[in-house]
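One file, target-v1.cif, carrying mmCIF, C-alpha atoms:
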```cif
data_query
#
loop_
_atom_site.label_atom_id
_atom_site.label_comp_id
_atom_site.auth_asym_id
_atom_site.auth_seq_id
_atom_site.Cartn_x
_atom_site.Cartn_y
_atom_site.Cartn_z
CA MET I 1 -26.57 10.54 0.59
CA LEU I 2 -23.85 12.90 -0.51
CA SER I 3 -25.68 16.10 0.37
CA TRP I 4 -23.50 16.67 3.47
CA MET I 5 -20.47 16.90 1.17
CA ALA I 6 -22.07 19.98 -0.43
CA TRP I 7 -20.78 19.32 -3.94
CA THR I 8 -20.70 22.11 -6.48
CA TRP I 9 -20.03 21.84 -10.20
CA SER I 10 -16.76 23.74 -9.95
CA THR I 11 -15.25 21.66 -7.17
CA ALA I 12 -16.49 18.45 -8.81
CA ALA I 13 -14.84 19.54 -12.05
CA PHE I 14 -11.60 20.26 -10.18
CA PHE I 15 -11.48 16.84 -8.51
CA GLY I 16 -12.60 15.22 -11.76
CA PHE I 17 -9.57 16.81 -13.42
CA VAL I 18 -7.26 15.53 -10.68
CA VAL I 19 -8.68 11.99 -10.89
CA LEU I 20 -8.45 12.04 -14.70
CA ALA I 21 -4.83 13.20 -14.48
CA LEU I 22 -4.02 10.41 -12.00
CA VAL I 23 -5.65 7.81 -14.27
CA ILE I 24 -3.70 9.10 -17.27
CA LEU I 25 -0.46 9.11 -15.24
CA THR I 26 -1.14 5.52 -14.11
CA LEU I 27 -1.84 4.34 -17.67
CA LEU I 28 1.30 6.12 -18.88
CA ALA I 29 3.31 4.49 -16.10
CA ILE I 30 2.04 1.06 -17.22
CA TYR I 31 2.32 1.44 -21.00
CA ARG I 32 5.09 4.04 -21.32
CA PRO I 33 7.38 3.42 -18.33
CA GLU I 34 10.00 6.08 -17.71
CA MET I 35 13.12 6.60 -15.68
CA PRO I 36 13.41 9.69 -13.44
CA ARG I 37 15.32 12.56 -15.01
CA LYS I 38 17.09 15.51 -13.46
CA GLY I 39 15.97 19.01 -14.41
CA ILE I 40 15.90 22.54 -13.04
CA LEU I 41 14.64 21.35 -9.63
CA GLY I 42 18.02 19.72 -9.00
CA PHE I 43 16.69 16.27 -8.12
CA PRO I 44 15.41 13.42 -10.31
CA THR I 45 11.68 13.69 -11.03
CA THR I 46 9.14 11.38 -12.62
CA ARG I 47 5.91 12.50 -14.32
CA GLY I 48 4.12 12.05 -10.98
CA ASP I 49 6.59 14.35 -9.22
CA ARG I 50 6.19 16.95 -11.92
CA PHE I 51 2.40 16.72 -11.67
CA PHE I 52 2.56 17.16 -7.89
CA VAL I 53 4.93 20.13 -8.16
CA THR I 54 2.58 21.62 -10.74
CA MET I 55 -0.46 21.27 -8.47
CA VAL I 56 1.24 22.69 -5.37
CA GLY I 57 2.87 25.51 -7.35
CA SER I 58 -0.46 26.38 -8.97
CA ALA I 59 -2.07 26.60 -5.54
CA TYR I 60 0.63 29.11 -4.53
CA ILE I 61 0.03 31.08 -7.74
CA PHE I 62 -3.68 31.37 -6.88
CA VAL I 63 -2.95 32.24 -3.23
CA ALA I 64 -0.46 34.95 -4.25
CA TRP I 65 -2.93 36.35 -6.80
CA MET I 66 -5.70 36.65 -4.22
CA ARG I 67 -3.30 37.89 -1.52
CA PHE I 68 -2.27 40.85 -3.66
CA GLY I 69 -5.86 41.67 -4.54
CA GLY I 70 -5.93 40.47 -8.14
CA GLY I 71 -9.16 40.42 -10.12
CA SER I 72 -10.51 37.58 -12.25
CA LEU I 73 -9.21 34.11 -11.43
CA TYR I 74 -8.66 33.32 -15.13
CA TYR I 75 -5.31 35.15 -15.05
CA PRO I 76 -3.75 32.95 -12.34
CA LEU I 77 -5.32 29.95 -14.11
CA ALA I 78 -3.42 30.88 -17.26
CA GLY I 79 -0.31 31.39 -15.14
CA ALA I 80 -0.78 27.98 -13.52
CA VAL I 81 -1.15 26.29 -16.93
CA LEU I 82 2.03 27.97 -18.19
CA TYR I 83 3.81 27.01 -14.98
CA GLY I 84 2.61 23.42 -15.37
CA ILE I 85 3.84 23.22 -18.95
CA ALA I 86 7.21 24.60 -17.83
CA MET I 87 7.43 22.06 -15.00
CA PHE I 88 6.61 19.10 -17.26
CA ARG I 89 9.08 20.36 -19.83
CA PHE I 90 12.06 21.40 -17.68
CA ALA I 91 11.72 19.83 -14.20
CA MET O 1 11.61 -9.89 -21.52
CA THR O 2 10.25 -6.66 -20.18
CA ASP O 3 11.54 -3.12 -20.40
CA LYS O 4 9.95 -2.07 -17.11
CA PRO O 5 12.37 -1.02 -14.36
CA TRP O 6 10.38 -3.04 -11.81
CA ASN O 7 7.15 -4.99 -11.46
CA ASN O 8 4.32 -2.62 -10.59
CA ARG O 9 1.82 -5.35 -9.76
CA ALA O 10 2.78 -5.18 -6.09
CA TRP O 11 0.90 -1.88 -5.91
CA PHE O 12 -2.36 -3.87 -5.74
CA PHE O 13 -1.36 -4.85 -2.22
CA VAL O 14 -1.64 -1.19 -1.26
CA LEU O 15 -5.29 -1.09 -2.32
CA PRO O 16 -6.81 -1.71 1.17
CA VAL O 17 -4.79 1.18 2.59
CA LEU O 18 -5.91 3.33 -0.31
CA ILE O 19 -9.57 2.60 0.45
CA PHE O 20 -8.97 3.43 4.11
CA VAL O 21 -7.24 6.70 3.21
CA LEU O 22 -10.10 7.50 0.85
CA PHE O 23 -12.56 7.55 3.73
CA SER O 24 -10.26 8.93 6.44
CA SER O 25 -8.65 11.73 4.41
CA ILE O 26 -9.72 12.19 0.82
CA VAL O 27 -13.49 12.37 1.29
CA PRO O 28 -13.18 14.79 4.25
CA MET O 29 -10.70 16.90 2.27
CA MET O 30 -13.04 17.07 -0.74
CA THR O 31 -15.77 18.19 1.64
CA VAL O 32 -13.52 20.91 3.03
CA VAL O 33 -12.82 22.11 -0.52
CA ASN O 34 -16.58 22.19 -1.15
CA TYR O 35 -17.20 24.14 2.05
CA SER O 36 -14.48 26.65 1.19
CA VAL O 37 -16.41 28.02 -1.77
CA GLN O 38 -19.85 28.09 -0.15
CA ASP O 39 -21.70 29.75 2.67
CA SER O 40 -23.87 27.58 4.85
CA MET O 41 -27.09 28.56 6.56
CA GLY O 42 -28.01 25.79 8.94
CA VAL O 43 -28.10 22.12 8.12
CA ASN O 44 -27.09 21.18 4.58
CA ASN O 45 -28.17 24.51 3.19
CA PHE O 46 -25.34 25.85 1.05
CA PHE O 47 -24.95 28.93 -1.14
CA TRP O 48 -22.24 29.58 -3.69
CA ASN O 49 -19.74 32.10 -2.33
CA GLY O 50 -16.93 31.89 -4.88
CA ASP O 51 -13.48 32.87 -3.69
CA SER O 52 -14.62 35.43 -1.03
CA TRP O 53 -13.54 33.29 1.93
CA PHE O 54 -10.06 33.03 0.47
CA ARG O 55 -9.87 36.74 -0.35
CA ASP O 56 -11.00 37.58 3.20
CA LEU O 57 -8.48 35.19 4.67
CA LEU O 58 -5.53 36.40 2.62
CA ASP O 59 -6.23 40.12 3.07
CA PRO O 60 -4.74 41.26 6.43
CA SER O 61 -7.00 44.35 6.50
CA THR O 62 -10.10 42.21 7.12
CA GLU O 63 -10.90 40.75 10.53
CA MET O 64 -10.38 37.15 9.42
CA GLY O 65 -7.25 38.08 7.48
CA ALA O 66 -5.69 39.81 10.48
CA ARG O 67 -6.53 36.83 12.66
CA PHE O 68 -5.02 34.39 10.17
CA ALA O 69 -1.89 36.50 9.61
CA GLY O 70 -1.39 36.81 13.38
CA ALA O 71 -1.76 33.07 13.98
CA LEU O 72 0.50 32.28 11.01
CA VAL O 73 3.25 34.58 12.28
CA ARG O 74 2.95 33.17 15.82
CA THR O 75 3.18 29.62 14.49
CA PHE O 76 6.29 30.39 12.41
CA VAL O 77 7.92 32.23 15.34
CA PHE O 78 7.15 29.32 17.64
CA SER O 79 8.63 26.80 15.18
CA PHE O 80 11.74 28.96 14.75
CA VAL O 81 12.29 29.49 18.49
CA ALA O 82 11.72 25.82 19.30
CA LEU O 83 14.14 24.72 16.56
CA ALA O 84 16.76 27.32 17.53
CA ILE O 85 16.81 25.88 21.06
CA GLU O 86 16.23 22.18 20.42
CA ILE O 87 18.79 21.58 17.67
CA PRO O 88 21.91 23.07 19.38
CA LEU O 89 20.82 21.73 22.76
CA GLY O 90 20.22 18.26 21.31
CA ILE O 91 23.63 18.19 19.62
CA GLY O 92 25.30 19.47 22.80
CA ILE O 93 23.73 16.80 24.99
CA ALA O 94 24.46 14.08 22.43
CA LEU O 95 28.14 15.11 22.52
CA CYS O 96 28.20 14.75 26.32
CA LEU O 97 26.69 11.26 26.33
CA PRO O 98 29.00 8.33 27.05
CA ARG O 99 30.14 6.44 23.95
CA ARG O 100 31.11 3.21 25.67
CA GLY O 101 30.54 1.43 28.97
CA TRP O 102 27.49 0.48 31.02
CA ALA O 103 26.11 4.04 31.23
CA ILE O 104 24.88 4.19 27.63
CA GLY O 105 21.68 2.20 28.16
CA PRO O 106 20.41 3.99 31.29
CA SER O 107 21.23 7.44 29.83
CA LEU O 108 19.36 6.76 26.61
CA VAL O 109 16.32 5.42 28.46
CA VAL O 110 16.18 8.44 30.75
CA ILE O 111 16.54 10.79 27.77
CA ALA O 112 13.83 9.03 25.78
CA LEU O 113 11.29 9.11 28.62
CA PRO O 114 9.61 12.46 27.79
CA MET O 115 8.90 11.28 24.23
CA LEU O 116 6.85 8.38 25.55
CA ILE O 117 4.35 10.67 27.28
CA PRO O 118 1.22 11.55 25.26
CA TRP O 119 0.70 15.20 24.31
CA ASN O 120 -2.35 15.84 26.46
CA VAL O 121 -0.67 14.26 29.48
CA VAL O 122 2.37 16.48 28.89
CA GLY O 123 0.00 19.45 28.81
CA THR O 124 -1.71 18.44 32.04
CA ILE O 125 1.59 17.78 33.81
CA TRP O 126 2.82 21.24 32.88
CA GLN O 127 -0.47 22.93 33.60
CA ILE O 128 -0.14 21.80 37.21
CA PHE O 129 3.64 22.26 37.26
CA ALA O 130 3.29 25.90 36.18
CA ARG O 131 0.59 26.88 38.68
CA GLN O 132 1.61 29.55 41.13
CA ASP O 133 -0.12 28.04 44.14
CA ILE O 134 0.58 24.30 43.97
CA GLY O 135 2.92 23.91 40.97
CA LEU O 136 6.60 23.42 41.75
CA PHE O 137 7.81 25.45 38.73
CA GLY O 138 5.31 28.30 39.05
CA ALA O 139 5.59 28.52 42.83
CA ALA O 140 9.40 28.47 42.70
CA LEU O 141 9.55 31.29 40.13
CA THR O 142 7.00 33.34 42.06
CA GLY O 143 8.93 32.66 45.27
CA LEU O 144 12.06 34.05 43.62
CA GLY O 145 10.12 37.26 43.05
CA LEU O 146 9.71 36.81 39.30
CA HIS O 147 6.53 37.86 37.59
CA TYR O 148 5.26 34.52 36.29
CA ASN O 149 1.63 33.81 35.45
CA VAL O 150 0.71 31.53 32.57
CA THR O 151 -2.91 32.58 32.39
CA GLN O 152 -2.36 36.33 32.50
CA ASP O 153 1.10 37.16 31.23
CA PRO O 154 1.81 36.47 27.52
CA THR O 155 5.59 36.21 28.07
CA SER O 156 5.12 33.58 30.79
CA ALA O 157 2.73 31.66 28.54
CA TRP O 158 5.18 31.70 25.61
CA ILE O 159 8.15 30.70 27.75
CA THR O 160 6.14 27.84 29.24
CA ILE O 161 4.97 26.52 25.85
CA VAL O 162 8.51 26.70 24.46
CA ILE O 163 9.95 24.95 27.53
CA ILE O 164 7.30 22.22 27.21
CA ASP O 165 8.20 21.61 23.59
CA VAL O 166 11.92 21.67 24.33
CA TRP O 167 11.46 19.25 27.23
CA HIS O 168 9.21 16.97 25.19
CA TRP O 169 11.10 16.86 21.89
CA THR O 170 14.80 17.67 22.42
CA PRO O 171 15.25 13.93 23.21
CA LEU O 172 14.41 13.18 19.57
CA VAL O 173 17.22 15.48 18.40
CA ILE O 174 19.55 13.96 21.02
CA LEU O 175 18.83 10.40 19.92
CA LEU O 176 19.21 11.24 16.23
CA SER O 177 22.47 13.14 16.82
CA TYR O 178 23.77 10.40 19.09
CA ALA O 179 23.08 7.78 16.41
CA GLY O 180 24.88 10.00 13.89
CA LEU O 181 27.88 10.44 16.22
CA ARG O 182 28.12 6.73 16.90
CA ALA O 183 28.28 6.08 13.15
CA ILE O 184 31.53 8.08 12.79
CA PRO O 185 34.42 5.59 12.40
CA ASP O 186 37.15 5.81 15.04
CA ALA O 187 39.77 6.41 12.34
CA TYR O 188 38.56 10.02 12.00
CA TYR O 189 39.21 10.72 15.68
CA GLN O 190 42.61 9.00 15.50
CA ALA O 191 43.58 11.20 12.55
CA ALA O 192 42.43 14.25 14.51
CA ARG O 193 44.56 13.19 17.50
CA ILE O 194 47.62 12.77 15.27
CA ASP O 195 47.07 16.29 13.95
CA ALA O 196 46.60 17.53 17.55
CA ALA O 197 43.23 19.00 16.59
CA SER O 198 41.38 20.99 19.24
CA ARG O 199 37.98 19.84 20.52
CA TRP O 200 36.30 22.61 18.50
CA ALA O 201 38.16 21.61 15.33
CA VAL O 202 37.06 17.99 15.80
CA PHE O 203 33.45 19.13 16.16
CA ARG O 204 33.63 21.62 13.28
CA ASN O 205 35.46 19.42 10.76
CA ILE O 206 34.52 15.86 11.66
CA GLU O 207 31.37 15.63 13.74
CA LEU O 208 29.22 18.39 12.29
CA PRO O 209 29.72 17.39 8.62
CA ARG O 210 29.03 13.75 9.47
CA LEU O 211 25.89 14.77 11.38
CA ARG O 212 24.47 16.72 8.45
CA LYS O 213 22.09 14.01 7.29
CA VAL O 214 20.54 13.29 10.68
CA LEU O 215 20.29 17.02 11.37
CA VAL O 216 18.34 17.57 8.15
CA ILE O 217 15.93 14.88 9.29
CA ALA O 218 15.73 16.37 12.78
CA VAL O 219 15.12 19.93 11.55
CA LEU O 220 12.41 18.98 9.07
CA LEU O 221 10.69 16.59 11.47
CA ARG O 222 10.71 19.12 14.28
CA PHE O 223 9.55 21.89 11.97
CA MET O 224 6.53 19.89 10.84
CA GLN O 225 5.67 18.92 14.41
CA THR O 226 6.03 22.38 15.90
CA PHE O 227 4.10 23.90 13.00
CA MET O 228 1.16 21.63 13.82
CA ILE O 229 1.32 22.11 17.60
CA TYR O 230 -2.11 21.97 19.19
CA THR O 231 -2.55 19.96 22.35
CA GLU O 232 0.02 21.52 24.70
CA PRO O 233 -1.04 25.17 24.30
CA VAL O 234 -4.73 24.22 24.40
CA VAL O 235 -4.31 22.33 27.65
CA VAL O 236 -1.89 24.74 29.32
CA THR O 237 -2.99 28.19 28.13
CA GLY O 238 -6.11 27.60 26.03
CA GLY O 239 -4.54 29.84 23.38
CA GLY O 240 -4.37 32.79 25.77
CA PRO O 241 -3.85 35.14 27.45
CA GLY O 242 -5.84 37.00 24.80
CA ASN O 243 -4.67 35.21 21.72
CA ALA O 244 -0.95 35.29 22.58
CA THR O 245 -0.49 31.54 22.14
CA THR O 246 -3.26 30.96 19.59
CA PHE O 247 -1.43 29.06 16.88
CA LEU O 248 -2.91 28.17 13.50
CA SER O 249 -4.29 24.80 14.58
CA ILE O 250 -5.97 26.32 17.64
CA ASP O 251 -7.49 29.19 15.69
CA LEU O 252 -8.75 26.75 13.08
CA VAL O 253 -10.54 24.66 15.69
CA LYS O 254 -12.01 27.81 17.26
CA ILE O 255 -13.41 28.98 13.91
CA ALA O 256 -14.60 25.58 12.72
CA ILE O 257 -16.02 24.09 15.91
CA GLY O 258 -16.39 27.07 18.24
CA GLN O 259 -18.03 29.46 15.76
CA VAL O 260 -19.23 26.82 13.24
CA ASP O 261 -17.94 29.15 10.56
CA LEU O 262 -17.44 26.45 7.95
CA GLY O 263 -16.49 28.64 4.98
CA ASN O 264 -13.78 30.61 6.80
CA ALA O 265 -12.46 27.49 8.52
CA ALA O 266 -12.35 25.55 5.26
CA ALA O 267 -10.45 28.28 3.43
CA MET O 268 -8.04 28.59 6.37
CA SER O 269 -7.44 24.86 6.63
CA LEU O 270 -6.70 24.64 2.90
CA VAL O 271 -4.03 27.34 3.06
CA TYR O 272 -2.64 25.74 6.24
CA TYR O 273 -2.69 22.37 4.47
CA LEU O 274 -0.81 23.85 1.52
CA ILE O 275 2.03 24.98 3.82
CA ILE O 276 2.16 21.60 5.60
CA LEU O 277 2.04 19.76 2.27
CA THR O 278 4.99 21.79 0.97
CA GLY O 279 6.94 21.00 4.13
CA CYS O 280 6.13 17.30 3.85
CA TYR O 281 7.15 17.22 0.19
CA VAL O 282 10.49 18.89 0.98
CA PHE O 283 10.98 16.38 3.81
CA TYR O 284 10.12 13.43 1.57
CA THR O 285 12.34 14.65 -1.27
CA VAL O 286 15.32 15.30 1.00
CA MET O 287 14.92 11.89 2.66
CA THR O 288 14.67 9.96 -0.61
CA GLN O 289 17.60 11.90 -2.08
CA LEU O 290 19.73 11.17 0.99
CA ASP O 291 18.86 7.46 0.69
CA ARG O 292 19.66 7.43 -3.00
CA ARG O 293 23.01 9.13 -2.43
CA ARG O 294 23.85 6.63 0.30
CA ASP O 295 22.93 3.70 -1.94
CA SER O 296 25.02 4.86 -4.88
#
```
What's the structure tokens form of this structure?
Amino acid sequence: MLSWMAWTWSTAAFFGFVVLALVILTLLAIYRPEMPRKGILGFPTTRGDRFFVTMVGSAYIFVAWMRFGGGSLYYPLAGAVLYGIAMFRFA
Amino acid sequence: MTDKPWNNRAWFFVLPVLIFVLFSSIVPMMTVVNYSVQDSMGVNNFFWNGDSWFRDLLDPSTEMGARFAGALVRTFVFSFVALAIEIPLGIGIALCLPRRGWAIGPSLVVIALPMLIPWNVVGTIWQIFARQDIGLFGAALTGLGLHYNVTQDPTSAWITIVIIDVWHWTPLVILLSYAGLRAIPDAYYQAARIDAASRWAVFRNIELPRLRKVLVIAVLLRFMQTFMIYTEPVVVTGGGPGNATTFLSIDLVKIAIGQVDLGNAAAMSLVYYLIILTGCYVFYTVMTQLDRRRDS
């Protein structure tokens, strides 16, 4: 039934991670409600905003890495994780 | 007693929309992500291809990379040119519109007319309008001795596409600016008259600052729309001559549907999507921040 979607383990793992993150964010929003706070981005952000900025920024990190002919994708992955931690901490 | 800022239960009402979006956007997007890392040989026969499609696409020395870079540059140039014409022109026309009296209604209706016409109809209108033999615009320019040919001359094609977009969407900028101008209290103009301010000073110090919010909306909205332009160039020029007016959306359709090159098309659409998504997020953030500032 799903063969036309051509799933692979890697892409399934990626979307699984996104869904898991959204579930965690939802549960946090229910049990640990927060107010938006202002950080280095200059506008008030919630956890959801910071997650979104992390995802989009990580995509740019990967694109830039491949654009400038970088090797293994584990380096930009590490960069994206560091970037994400920084966003959740300071944004 | 609850410590929540608001009741989140209302989100359940959004559930039907969420299910709809799941099938209209999320499932297709997941499929595109899957295609972008695989090579397909015929029906449902996929092979792992890793990040090669993306590396090809992002490296301008490859064929696909050069094609993508060219289309990307053309799309940005088009957005920039269209904005550079539409925004000043829209403000200028909005300033000339009557502010009181019976003429307001008819003027606004006439100005809004182009926006009511569907994209493909706009394209067809201009395709005929720009023809050299029977089109009023094309025949008039040719009659004046100008070299004008949409299907063979890249400059003509570009000018035509830009004029179409300006004709179709400047009204949006006009209406937004006009609404912004109408919202300026009369007291500002009275103060300017007392100070014997010149027309330019009134525009520079009263009108332009008060228009800032609507102009931000206009610029972002027009940027997103011009960046996704598809129908008009396809109908009028078909992306040609050569690939002079092949913008990203057109190239994407050519690769995905024309060549059935799913891997390349998927990688390209994801990078394209990333740019659009960034634009939308900036738009959304600016809008919500403007609202919040107005509320406080």
> Hey, can you check how far CA of Trp169 (chain O) sits from CA of Ala82 (chain O)?
Replying inline: 9.3 Å
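Our summary of the geometry notes that CA of Ala187 (chain O) is positioned 16.0 Å from CA of Leu208 (chain O).
The coordinates place CA of Met55 (chain I) at 18.6 Å from CA of Gly42 (chain I).
Residue list for chain I within 6 Å of chain O: Trp4, Met5, Ala6, Trp7, Met66 and Arg67 of chain I, counting all atoms listed in the file.
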Could you take the residues named above and write them with C-alpha atoms, as a PDB file, in the coordinates of the input?
```pdb
ATOM      1  CA  TRP I   4     -23.500  16.670   3.470  1.00  0.00           C
ATOM      2  CA  MET I   5     -20.470  16.900   1.170  1.00  0.00           C
ATOM      3  CA  ALA I   6     -22.070  19.980  -0.430  1.00  0.00           C
ATOM      4  CA  TRP I   7     -20.780  19.320  -3.940  1.00  0.00           C
ATOM      5  CA  MET I  66      -5.700  36.650  -4.220  1.00  0.00           C
ATOM      6  CA  ARG I  67      -3.300  37.890  -1.520  1.00  0.00           C
TER       7      ARG I  67
END
```
> For the file shown, what are the residues hit by the PyMOL selection byres ((chain O and resi 234) around 9), laid out as number ranges by chain?
Replying inline: O: 120, 123, 230-233, 235-240, 245-246, 250
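What the PyMOL selection byres ((chain I and resi 57) around 10) picks from this file is I:Phe51, I:Phe52, I:Val53, I:Thr54, I:Met55, I:Val56, I:Ser58, I:Ala59, I:Tyr60, I:Ile61, I:Phe62, I:Val63, I:Ala80, I:Tyr83, I:Gly84, I:Met87, O:Leu274, O:Thr278.
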Writer output for current selection, C-alpha atoms, as a compact mmCIF listing (two decimals), in the coordinates of the input:
```txt
# COMPACT_ATOMS: atom_id res chain seq x y z
CA PHE I 51 2.40 16.72 -11.67
CA PHE I 52 2.56 17.16 -7.89
CA VAL I 53 4.93 20.13 -8.16
CA THR I 54 2.58 21.62 -10.74
CA MET I 55 -0.46 21.27 -8.47
CA VAL I 56 1.24 22.69 -5.37
CA SER I 58 -0.46 26.38 -8.97
CA ALA I 59 -2.07 26.60 -5.54
CA TYR I 60 0.63 29.11 -4.53
CA ILE I 61 0.03 31.08 -7.74
CA PHE I 62 -3.68 31.37 -6.88
CA VAL I 63 -2.95 32.24 -3.23
CA ALA I 80 -0.78 27.98 -13.52
CA TYR I 83 3.81 27.01 -14.98
CA GLY I 84 2.61 23.42 -15.37
CA MET I 87 7.43 22.06 -15.00
CA LEU O 274 -0.81 23.85 1.52
CA THR O 278 4.99 21.79 0.97
```
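Neighbours of region 129-137 of chain O closer than or equal to 12 Å, with all atoms listed in the file counted and sequence neighbours fewer than 4 positions away skipped, come out as Val121, Val122, Gly123, Thr124, Ile125, Leu141, Thr142, Gly143, Leu144, Gly145, Leu146, His147, Tyr148, Asn149, Val150, Thr151, Gln152, Ser156, Ala157, Ile159, Thr160, Ile161, Ile163, Ile164, Val235, Val236 and Thr237 of chain O.
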Listed atoms of region 53-68 of chain I boxed axis-aligned with 4 Å per side, centre + edges as AutoDock Vina command-line options:
```
--center_x -0.4 --center_y 30.5 --center_z -6.1 --size_x 18.6 --size_y 28.7 --size_z 17.2
```
On this file, the PyMOL selection byres ((chain O and resi 95) around 10) gives some set of residues; write that set as a compact mmCIF listing (two decimals) with C-alpha atoms, in the coordinates of the input.
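Below you can see part18.txt, which holds the result:
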```txt
# COMPACT_ATOMS: atom_id res chain seq x y z
CA LEU O 89 20.82 21.73 22.76
CA GLY O 90 20.22 18.26 21.31
CA ILE O 91 23.63 18.19 19.62
CA GLY O 92 25.30 19.47 22.80
CA ILE O 93 23.73 16.80 24.99
CA ALA O 94 24.46 14.08 22.43
CA CYS O 96 28.20 14.75 26.32
CA LEU O 97 26.69 11.26 26.33
CA PRO O 98 29.00 8.33 27.05
CA ARG O 99 30.14 6.44 23.95
CA ILE O 174 19.55 13.96 21.02
CA SER O 177 22.47 13.14 16.82
CA TYR O 178 23.77 10.40 19.09
CA LEU O 181 27.88 10.44 16.22
CA PHE O 203 33.45 19.13 16.16
CA GLU O 207 31.37 15.63 13.74
```
> Excluding same-chain residues fewer than 6 positions from Thr45 (chain I), what lies within 9 Å of it counting all atoms listed in the file, as number ranges by chain?
Replying inline: I: 35-39, 91
Only C-alpha atoms, please: the residues just picked out, written as a short mmCIF file (atom, residue, chain, number, x, y, z; two decimals), in the coordinates of the input.
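Contents of again_38.cif, as written:
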```cif
data_model
loop_
_atom_site.label_atom_id
_atom_site.label_comp_id
_atom_site.auth_asym_id
_atom_site.auth_seq_id
_atom_site.Cartn_x
_atom_site.Cartn_y
_atom_site.Cartn_z
CA MET I 35 13.12 6.60 -15.68
CA PRO I 36 13.41 9.69 -13.44
CA ARG I 37 15.32 12.56 -15.01
CA LYS I 38 17.09 15.51 -13.46
CA GLY I 39 15.97 19.01 -14.41
CA ALA I 91 11.72 19.83 -14.20
#
```
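Restricting the calculation to all atoms listed in the file, the smallest distance between Ile24 (chain I) and any of I:Ala78, I:Ile85, I:Arg47, I:Ala64 is found for I:Arg47.
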Limit the output to C-alpha atoms and give region 237-277 of chain O as a PDB file, in the first residue's frame.
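Output contents, as saved in part05.pdb:
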```
ATOM      1  CA  THR O 237       6.734  32.299 -23.188  1.00  0.00           C
ATOM      2  CA  GLY O 238       6.818  28.639 -22.140  1.00  0.00           C
ATOM      3  CA  GLY O 239      10.031  29.432 -20.256  1.00  0.00           C
ATOM      4  CA  GLY O 240      11.786  30.564 -23.435  1.00  0.00           C
ATOM      5  CA  PRO O 241      13.303  31.744 -25.646  1.00  0.00           C
ATOM      6  CA  GLY O 242      15.928  29.150 -24.748  1.00  0.00           C
ATOM      7  CA  ASN O 243      15.595  29.151 -21.007  1.00  0.00           C
ATOM      8  CA  ALA O 244      15.575  32.948 -20.596  1.00  0.00           C
ATOM      9  CA  THR O 245      12.352  32.984 -18.571  1.00  0.00           C
ATOM     10  CA  THR O 246      12.654  29.509 -17.038  1.00  0.00           C
ATOM     11  CA  PHE O 247      12.121  30.250 -13.363  1.00  0.00           C
ATOM     12  CA  LEU O 248      12.560  27.707 -10.581  1.00  0.00           C
ATOM     13  CA  SER O 249       8.951  26.512 -10.599  1.00  0.00           C
ATOM     14  CA  ILE O 250       9.009  26.005 -14.376  1.00  0.00           C
ATOM     15  CA  ASP O 251      12.315  24.146 -14.326  1.00  0.00           C
ATOM     16  CA  LEU O 252      11.032  21.957 -11.514  1.00  0.00           C
ATOM     17  CA  VAL O 253       7.959  20.947 -13.495  1.00  0.00           C
ATOM     18  CA  LYS O 254      10.121  20.281 -16.570  1.00  0.00           C
ATOM     19  CA  ILE O 255      12.428  17.974 -14.605  1.00  0.00           C
ATOM     20  CA  ALA O 256       9.718  16.223 -12.603  1.00  0.00           C
ATOM     21  CA  ILE O 257       6.987  15.793 -15.208  1.00  0.00           C
ATOM     22  CA  GLY O 258       8.761  16.400 -18.515  1.00  0.00           C
ATOM     23  CA  GLN O 259      11.820  14.224 -17.865  1.00  0.00           C
ATOM     24  CA  VAL O 260      10.328  12.103 -15.028  1.00  0.00           C
ATOM     25  CA  ASP O 261      13.622  12.632 -13.239  1.00  0.00           C
ATOM     26  CA  LEU O 262      12.228  12.081  -9.759  1.00  0.00           C
ATOM     27  CA  GLY O 263      15.479  12.192  -7.774  1.00  0.00           C
ATOM     28  CA  ASN O 264      16.731  15.466  -9.253  1.00  0.00           C
ATOM     29  CA  ALA O 265      13.286  17.051  -9.076  1.00  0.00           C
ATOM     30  CA  ALA O 266      12.812  15.973  -5.465  1.00  0.00           C
ATOM     31  CA  ALA O 267      16.168  17.385  -4.370  1.00  0.00           C
ATOM     32  CA  MET O 268      15.446  20.618  -6.249  1.00  0.00           C
ATOM     33  CA  SER O 269      11.971  21.009  -4.794  1.00  0.00           C
ATOM     34  CA  LEU O 270      13.302  20.498  -1.268  1.00  0.00           C
ATOM     35  CA  VAL O 271      15.890  23.262  -1.627  1.00  0.00           C
ATOM     36  CA  TYR O 272      13.254  25.475  -3.277  1.00  0.00           C
ATOM     37  CA  TYR O 273      10.872  24.633  -0.431  1.00  0.00           C
ATOM     38  CA  LEU O 274      13.528  25.576   2.112  1.00  0.00           C
ATOM     39  CA  ILE O 275      13.834  29.070   0.591  1.00  0.00           C
ATOM     40  CA  ILE O 276      10.042  29.523   0.458  1.00  0.00           C
ATOM     41  CA  LEU O 277       9.686  28.221   4.009  1.00  0.00           C
TER      42      LEU O 277
END
```
